[in-house]
Amino acid sequence: MANPDWIGNAPESPYWADDGQAIYYRQKVKGFSERQLWRLDLSNNKLTTVSDADLFEVDSNRGTLSPNKKLKAYNLQGDLYVKYLDSGDVRQLTKTLANEGTPQFIGNDKVAYRKGNSFYSIDLATGLVTQIADIRLKDDPAKEKKPGYLEKQQTRYFDYVRLKQENRAHNKKRHKEIKASSPRAVSDPWYLGKKEIHTLSLSPNGQFVVVGTYEKSDKKGRSDNMPRFVTEDGYVKNETVRPLVGTYIPRHETLYLLDLVSGEKTELSYDDLPKLSDDPLADIKRATAKRNGEKYKADKKPRGVAVFDWIANRGIEWNAKGDKAMIMLYSDDNKDRWLVSLDTEDKELNTEHHLRDLAWVNDWNFNDFGWVNNETIFFTSEDTGYSHLYVKELGRRPSALTKGRYIVDSVTKDPNSNYLYYRANKKHPGIYEVYRVDADGGDSEAVTDLGGKNDYVLSPDSSKVLITHSEALSPPELFVKPVKGGDAKQLTFTTSEKFKSFNWSKPEYVEIPSREADQPIYARLYKPENFDAEKAEKYPAVIFIHGAGYLQNAHQGWSNYFREFMFHTFLNQQGYVVLDIDYRGSAGYGRDWRTAIYRKMGTPEVVDLIDGANWMEANANVDRQNVGIYGGSYGGFLTFMGLFTAPDEFAAGAALRPVTDWVHYNHPYTSNILNTPEVDPVAYERSSPIEFAEGLNKPLLIAHGMVDDNVFFKDTVRLVQRLIELEKTEYFETAIYPIEPHGFKEPSSWLDEYKRIYYLFEEHLKD
């Protein structure tokens with residue numbers, strides 16, 4: 001449990017060689033954080049490490065193909081390369097200390113790249129480097145101010161002044177005429193004023209740039225501080241860390257289309273976005289104003305809008321011709337998502353799809369979109385309550401390619417056909433297989449049928465998929481399988497024999513009836529090896545509460561919580577029944593399961609924990625009076641809420657790296673679920689454990705790293721002070737870890753933490 005290297009380090013970030021005859025993957029080096037790159041030749045199963053020198057020669061896992069699919073441009077170790085796919089020859093285009101950015105083709109003979117806020121192109125025939133767009137964040141120095149009365153008077157009075165102005169105007173005109181006379185001249189810079197750039201995208205034909213800017217602002221929130229007490233020089237080091245929720249002010253993004261041929265700059269208007277001016281928080285703001293004894297004043301300005309940037313470089317997708325772009329926009333309160341098309345001819349934004357959720361739009365997943373062809377798009381949306389795949393010809397109604405009570409994600413357009421590949425949990429919420437469907441419609445085809453959890457990468461010729469497959473007792477390994485027919489062949493065998501020889505507890509996947517929802521609570525149930533359902537002496541039990549809130553852990557693949565998985569086997573060996581539960585708010589079960597916690601975090605989830613404990617009493621021969629709970633991060637938060645708001649339901653709990661007051665958490669996560677403290681104080685007060693600390697009357701362990709820059713250590717400090725003032729000292733103990741961040745790094749810390757949890761349960765869950 002303390003150090004996972006002994007398990008065997010699973011393959012990470014796999015990808016295909018350019019010719020499809022080999023695969024590459026990374027693997028953690030034992031004893032170090034370094035990831036070594038490996039190559040596996042599929043023809044002879046020869047596995048070799050990629051040498052340091054070959055890191056500058058190896059096929060890249062990123063890159064872009066030329067329109068004729070004969071060239072691949074990519075960035076490797078900061079420099080640009082082009083590979084001629086027919087011959088395998090590689091040509092280095094740059095050799096600098098700068099990072100030339102993500103390359104893209106302009107036609108088949110030019111490679112463009114971004115450097116800073118400028119775009120350049122390299123002519124593959126001549127090697128000529130051309131600056132095709134120079135964007136400067138300052139006012140245009142050549143722009144003359146409108147003359148006032150005094151300036152006009154000077155011109156009228158003095159020939160010297162008038163002649164100087166006429167000469168300047170003549171020189172400016174001649175400069176433009178000379179530049180326009182030859183294609184050798186470089187285009188003038190684009191001056192956008194004293195702004196900050198958020199979005200910058202060049203069209204594939206090299207004729208247009210979409211740029212999004214923010215006004216410069218210091219309203220980025222007041223940053224907090226985090227001291228490090230254990231340092232190399234012996235002095236306390238104070239670090240600046242993130243601001244708190246509500247102190248960060250989301251900024252409105254202004255979008256422009258730059259026509260690199262005509263030199264025209266066009267601001268793209270949001271005025272036609274559906275419901276942009278409709279404030280979905282108006283009722284909450286009105287109630288808050290009444291609570292504060294103030295008069296409600298409606299916001300006069302429309303809500304802020306910005307390009308989606310949760311996944312890097314995915315907010316804008318151009319079609320192959322480069323004359324149209326799809327842009328994903330979000331409102332600053334994350335209640336609305338718009339997919340808009342931009343036609344470079346009419347220079348307007350047209351809404352192709354609008355998604356509104358009065359809780360919050362899922363900006364963590366289900367934001368796949370792209371082009372099927374130059375006039376048709378695909379996208380995923382939770383319109384039906386589950387993420388599904390749609391296609392849409394621009395300007396027309398969308399068609400659903402998938403439907404049902406399951407979710408679709410990880411969509412890939414096959415570059416060699418009309419198929420869309422995706423991952424979905426059709427068979428069971430905890431089983432993720434790979435499927436494909438023709439973009440023109442029809443039934444989906446299953447590509448894999450392996451059970452467990454599967455991720456995929458399509459081969460360059462689209463004939464095979466590289467699969468990362470795992471099961472509950474089997475860490476991820478790589479498999480390859482033909483898209484049509486054939487069996488999946490295992491390629492890697494990285495799990496240690498020592499791990500495989502151990503008698504791990506295999507979970508049962510159970511469905512627990514929910515008293516409040518119209519679907520069951522899915523969970524993993526771990527029983528002792530010789531479990532006796534009729535035994536007179538009932539079993540003590542533990543409920544594990546996963547973190548992140550929006551995360552799925554009761555799936556049938558290998559859990560990211562592998563230490564907890566091992567701990568559950570250990571608890572089984574000590575006579576405990578263990579339940580690992582996907583409470584409401586968890587991923588994998590649709591929109592309503594996710595948004596059930598809106599404005600009341602910690603309320604429906606605790607109901608689910610109680611339902612889980614009651615189910616174990618009825619179905620797993622568990623002593624209901626001896627059920628403990630534990631979890632980290634969001635799981636630590638729910639441990640508090642369980643012990644504080646339902647103190648008679650659980651016998652003991654361990655809260656690890658826990659949130660104690662949501663007012664102190666970050667903006668992007670918290671504001672989605674609870675809005676902001678100024679707008680919705682009631683949501684924060686009903687959701688923060690510190691508000692309910694007086695309810696504690698059962699044993700509690702609080703464990704927290706002191707250099708946690710996610711959930712700050714002060715969360716624990718503030719709650720401990722509150723518990724001291726409430727005279728609750730006999731009920732809790734605190735374990736601090738001076739050098740640990742949110743996810744512990746040191747094996748000794750992990751071991752110490754889980755020993756403490758075990759001793760807590762041994763003392764308080766066994767009569």
# chains A, B, ... in the order shown; residues from 1 in each chain; ligands from 1
>>> select_by_dssp(residues="stretch 481-590 of chain A", states="helix (DSSP H, G or I)", output="tab-separated table (two decimals) with N, CA, C and O atoms, in the first residue's frame")
chain	number	residue	atom	x	y	z
A	497	GLU	N	4.25	-10.30	-10.90
A	497	GLU	CA	3.79	-11.62	-10.46
A	497	GLU	C	3.40	-11.58	-8.99
A	497	GLU	O	2.48	-12.28	-8.57
A	498	LYS	N	4.11	-10.79	-8.23
A	498	LYS	CA	3.79	-10.69	-6.80
A	498	LYS	C	2.38	-10.16	-6.60
A	498	LYS	O	1.62	-10.67	-5.77
A	499	PHE	N	2.02	-9.13	-7.38
A	499	PHE	CA	0.67	-8.58	-7.25
A	499	PHE	C	-0.37	-9.60	-7.69
A	499	PHE	O	-1.38	-9.81	-7.02
A	500	LYS	N	-0.12	-10.27	-8.81
A	500	LYS	CA	-1.10	-11.23	-9.34
A	500	LYS	C	-1.26	-12.44	-8.43
A	500	LYS	O	-2.32	-13.08	-8.43
A	501	SER	N	-0.24	-12.76	-7.66
A	501	SER	CA	-0.32	-13.94	-6.79
A	501	SER	C	-1.09	-13.67	-5.51
A	501	SER	O	-1.45	-14.61	-4.80
A	562	PHE	N	-6.22	2.85	-6.00
A	562	PHE	CA	-5.67	1.50	-5.84
A	562	PHE	C	-5.22	1.25	-4.41
A	562	PHE	O	-5.26	0.12	-3.93
A	563	ARG	N	-4.79	2.28	-3.69
A	563	ARG	CA	-4.41	2.07	-2.29
A	563	ARG	C	-5.64	1.68	-1.46
A	563	ARG	O	-5.57	0.81	-0.60
A	564	GLU	N	-6.75	2.37	-1.74
A	564	GLU	CA	-7.98	2.05	-1.03
A	564	GLU	C	-8.46	0.64	-1.39
A	564	GLU	O	-8.96	-0.09	-0.53
A	565	PHE	N	-8.30	0.26	-2.66
A	565	PHE	CA	-8.65	-1.10	-3.07
A	565	PHE	C	-7.86	-2.13	-2.25
A	565	PHE	O	-8.41	-3.12	-1.77
A	566	MET	N	-6.57	-1.89	-2.07
A	566	MET	CA	-5.75	-2.81	-1.28
A	566	MET	C	-6.16	-2.77	0.19
A	566	MET	O	-6.20	-3.80	0.87
A	567	PHE	N	-6.48	-1.57	0.66
A	567	PHE	CA	-6.92	-1.42	2.05
A	567	PHE	C	-8.22	-2.18	2.29
A	567	PHE	O	-8.43	-2.76	3.37
A	568	HIS	N	-9.08	-2.22	1.28
A	568	HIS	CA	-10.35	-2.92	1.44
A	568	HIS	C	-10.13	-4.43	1.56
A	568	HIS	O	-10.83	-5.12	2.30
A	569	THR	N	-9.15	-4.96	0.82
A	569	THR	CA	-8.80	-6.37	1.00
A	569	THR	C	-8.29	-6.61	2.42
A	569	THR	O	-8.66	-7.59	3.08
A	570	PHE	N	-7.45	-5.70	2.89
A	570	PHE	CA	-6.94	-5.82	4.26
A	570	PHE	C	-8.08	-5.77	5.27
A	570	PHE	O	-8.13	-6.58	6.22
A	571	LEU	N	-9.04	-4.86	5.07
A	571	LEU	CA	-10.18	-4.78	5.99
A	571	LEU	C	-11.01	-6.07	5.93
A	571	LEU	O	-11.49	-6.55	6.97
A	572	ASN	N	-11.19	-6.62	4.73
A	572	ASN	CA	-11.88	-7.91	4.62
A	572	ASN	C	-11.17	-8.98	5.44
A	572	ASN	O	-11.81	-9.78	6.15
A	573	GLN	N	-9.85	-8.99	5.38
A	573	GLN	CA	-9.07	-9.97	6.13
A	573	GLN	C	-9.25	-9.80	7.64
A	573	GLN	O	-9.10	-10.75	8.40
>>> closest_atom_pairs(of="stretch 409-487 of chain A", to="stretch 375-391 of chain A", cutoff="9 Å", atoms="only C-alpha atoms", output="tab-separated table")
residue	atom	partner	partner_atom	distance
A:Asp409	CA	A:Ser387	CA	7.4
A:Val411	CA	A:Leu389	CA	8.3
A:Lys413	CA	A:Phe378	CA	8.8
A:Leu420	CA	A:Phe378	CA	8.7
A:Tyr422	CA	A:Leu389	CA	8.7
A:Ala439	CA	A:Val391	CA	6.8
A:Asp440	CA	A:Val391	CA	8.2
A:Gly441	CA	A:Val391	CA	8.8
>>> residues_around(residues="A:Met616", least_positions_apart="3", cutoff="10 Å", atoms="only C-alpha atoms", output="ChimeraX atom specification")
/A:512,525,539,541,543,577-579,610-613,619-624,627
>>> closest_residue(among="A:Glu746, A:Asp86, A:Glu727, A:Glu685", to="A:Gly705", atoms="only C-alpha atoms")
A:Glu746
>>> residues_around(residues="stretch 358-365 of chain A", least_positions_apart="3", cutoff="9 Å", atoms="only C-alpha atoms", output="PyMOL selection string")
chain A and resi 280-281+308+310-311+330+333-337+355+368+382+387+409+550+591+594-599+672-674
>>> residues_around(residues="A:Asp52", least_positions_apart="5", cutoff="10 Å", atoms="only C-alpha atoms", output="list in words")
Gln36, Leu37 and Glu57 of chain A
>>> residues_around(residues="stretch 102-118 of chain A", least_positions_apart="6", cutoff="8 Å", atoms="only C-alpha atoms", output="list in words")
Gly63, Thr64, Leu65, Ser66, Pro67, Asn68, Leu71, Ala73, Tyr74, Asn75, Leu80, Leu124, Ala125, Gln131, Ile132, Ala133, Asp134, Ile135, Arg136, Leu200, Pro204, Asn205 and Gly206 of chain A
>>> residues_around(residues="A:Pro460", least_positions_apart="5", cutoff="12 Å", atoms="only C-alpha atoms", output="list in words")
Tyr15, Trp16, Ala17, Asp18, Asp19, Gly20, Gln21, Ala22, Ile23, Asn61, Thr64, Leu65, Lys69, Lys72, Leu85, Asp414, Pro415, Asn416, Ser417, Val465 and Leu466 of chain A
>>> write_last_selection(atoms="N, CA and C atoms", output="PDB file, in the first residue's frame")
ATOM      1  N   TYR A  15       0.223   5.326 -28.030  1.00  0.00           N
ATOM      2  CA  TYR A  15      -0.131   5.840 -29.351  1.00  0.00           C
ATOM      3  C   TYR A  15       0.517   4.978 -30.431  1.00  0.00           C
ATOM      4  N   TRP A  16       0.036   5.153 -31.649  1.00  0.00           N
ATOM      5  CA  TRP A  16       0.499   4.364 -32.782  1.00  0.00           C
ATOM      6  C   TRP A  16       1.724   4.996 -33.431  1.00  0.00           C
ATOM      7  N   ALA A  17       2.604   4.159 -33.951  1.00  0.00           N
ATOM      8  CA  ALA A  17       3.637   4.639 -34.865  1.00  0.00           C
ATOM      9  C   ALA A  17       2.960   5.117 -36.140  1.00  0.00           C
ATOM     10  N   ASP A  18       3.614   5.984 -36.857  1.00  0.00           N
ATOM     11  CA  ASP A  18       2.996   6.578 -38.045  1.00  0.00           C
ATOM     12  C   ASP A  18       2.605   5.544 -39.088  1.00  0.00           C
ATOM     13  N   ASP A  19       3.366   4.448 -39.176  1.00  0.00           N
ATOM     14  CA  ASP A  19       3.042   3.427 -40.177  1.00  0.00           C
ATOM     15  C   ASP A  19       2.102   2.353 -39.643  1.00  0.00           C
ATOM     16  N   GLY A  20       1.698   2.472 -38.379  1.00  0.00           N
ATOM     17  CA  GLY A  20       0.776   1.508 -37.798  1.00  0.00           C
ATOM     18  C   GLY A  20       1.379   0.159 -37.490  1.00  0.00           C
ATOM     19  N   GLN A  21       2.707   0.028 -37.628  1.00  0.00           N
ATOM     20  CA  GLN A  21       3.361  -1.265 -37.420  1.00  0.00           C
ATOM     21  C   GLN A  21       3.947  -1.412 -36.016  1.00  0.00           C
ATOM     22  N   ALA A  22       3.846  -0.376 -35.223  1.00  0.00           N
ATOM     23  CA  ALA A  22       4.373  -0.418 -33.858  1.00  0.00           C
ATOM     24  C   ALA A  22       3.542   0.510 -32.990  1.00  0.00           C
ATOM     25  N   ILE A  23       3.701   0.357 -31.684  1.00  0.00           N
ATOM     26  CA  ILE A  23       3.048   1.261 -30.745  1.00  0.00           C
ATOM     27  C   ILE A  23       4.109   1.817 -29.794  1.00  0.00           C
ATOM     28  N   ASN A  61       3.378  11.519 -30.898  1.00  0.00           N
ATOM     29  CA  ASN A  61       1.996  11.131 -30.611  1.00  0.00           C
ATOM     30  C   ASN A  61       1.022  12.254 -30.952  1.00  0.00           C
ATOM     31  N   THR A  64      -0.260  16.809 -37.176  1.00  0.00           N
ATOM     32  CA  THR A  64      -1.369  17.023 -38.101  1.00  0.00           C
ATOM     33  C   THR A  64      -0.972  16.534 -39.479  1.00  0.00           C
ATOM     34  N   LEU A  65      -1.934  15.996 -40.203  1.00  0.00           N
ATOM     35  CA  LEU A  65      -1.679  15.492 -41.550  1.00  0.00           C
ATOM     36  C   LEU A  65      -1.983  16.567 -42.584  1.00  0.00           C
ATOM     37  N   LYS A  69      -2.701  13.809 -47.074  1.00  0.00           N
ATOM     38  CA  LYS A  69      -2.338  12.743 -46.128  1.00  0.00           C
ATOM     39  C   LYS A  69      -0.979  12.097 -46.425  1.00  0.00           C
ATOM     40  N   LYS A  72       3.186  14.594 -42.406  1.00  0.00           N
ATOM     41  CA  LYS A  72       2.778  14.811 -41.027  1.00  0.00           C
ATOM     42  C   LYS A  72       3.704  15.856 -40.424  1.00  0.00           C
ATOM     43  N   LEU A  85       5.359  10.518 -45.223  1.00  0.00           N
ATOM     44  CA  LEU A  85       4.830   9.230 -44.779  1.00  0.00           C
ATOM     45  C   LEU A  85       5.100   8.107 -45.774  1.00  0.00           C
ATOM     46  N   ASP A 414     -13.253   9.143 -37.719  1.00  0.00           N
ATOM     47  CA  ASP A 414     -12.330   8.351 -38.526  1.00  0.00           C
ATOM     48  C   ASP A 414     -11.920   9.188 -39.735  1.00  0.00           C
ATOM     49  N   PRO A 415     -10.623   9.496 -39.873  1.00  0.00           N
ATOM     50  CA  PRO A 415     -10.208  10.328 -41.010  1.00  0.00           C
ATOM     51  C   PRO A 415     -10.311   9.617 -42.350  1.00  0.00           C
ATOM     52  N   ASN A 416     -10.502   8.287 -42.321  1.00  0.00           N
ATOM     53  CA  ASN A 416     -10.529   7.510 -43.557  1.00  0.00           C
ATOM     54  C   ASN A 416     -11.923   7.049 -43.958  1.00  0.00           C
ATOM     55  N   SER A 417     -12.930   7.409 -43.175  1.00  0.00           N
ATOM     56  CA  SER A 417     -14.287   6.976 -43.500  1.00  0.00           C
ATOM     57  C   SER A 417     -15.275   7.932 -42.842  1.00  0.00           C
ATOM     58  N   VAL A 465      -7.787  -0.934 -33.393  1.00  0.00           N
ATOM     59  CA  VAL A 465      -7.805  -0.032 -32.244  1.00  0.00           C
ATOM     60  C   VAL A 465      -6.785  -0.517 -31.219  1.00  0.00           C
ATOM     61  N   LEU A 466      -6.084   0.427 -30.640  1.00  0.00           N
ATOM     62  CA  LEU A 466      -5.184   0.168 -29.521  1.00  0.00           C
ATOM     63  C   LEU A 466      -5.983   0.445 -28.264  1.00  0.00           C
TER      64      LEU A 466
END
>>> closest_residue(among="A:Phe692, A:Phe369, A:Tyr665, A:Tyr419", to="A:Asp708", atoms="only C-alpha atoms")
A:Tyr665
>>> atom_distance(atom1="atom CA of A:Ala655", atom2="atom CA of A:Asn710")
15.4 Å
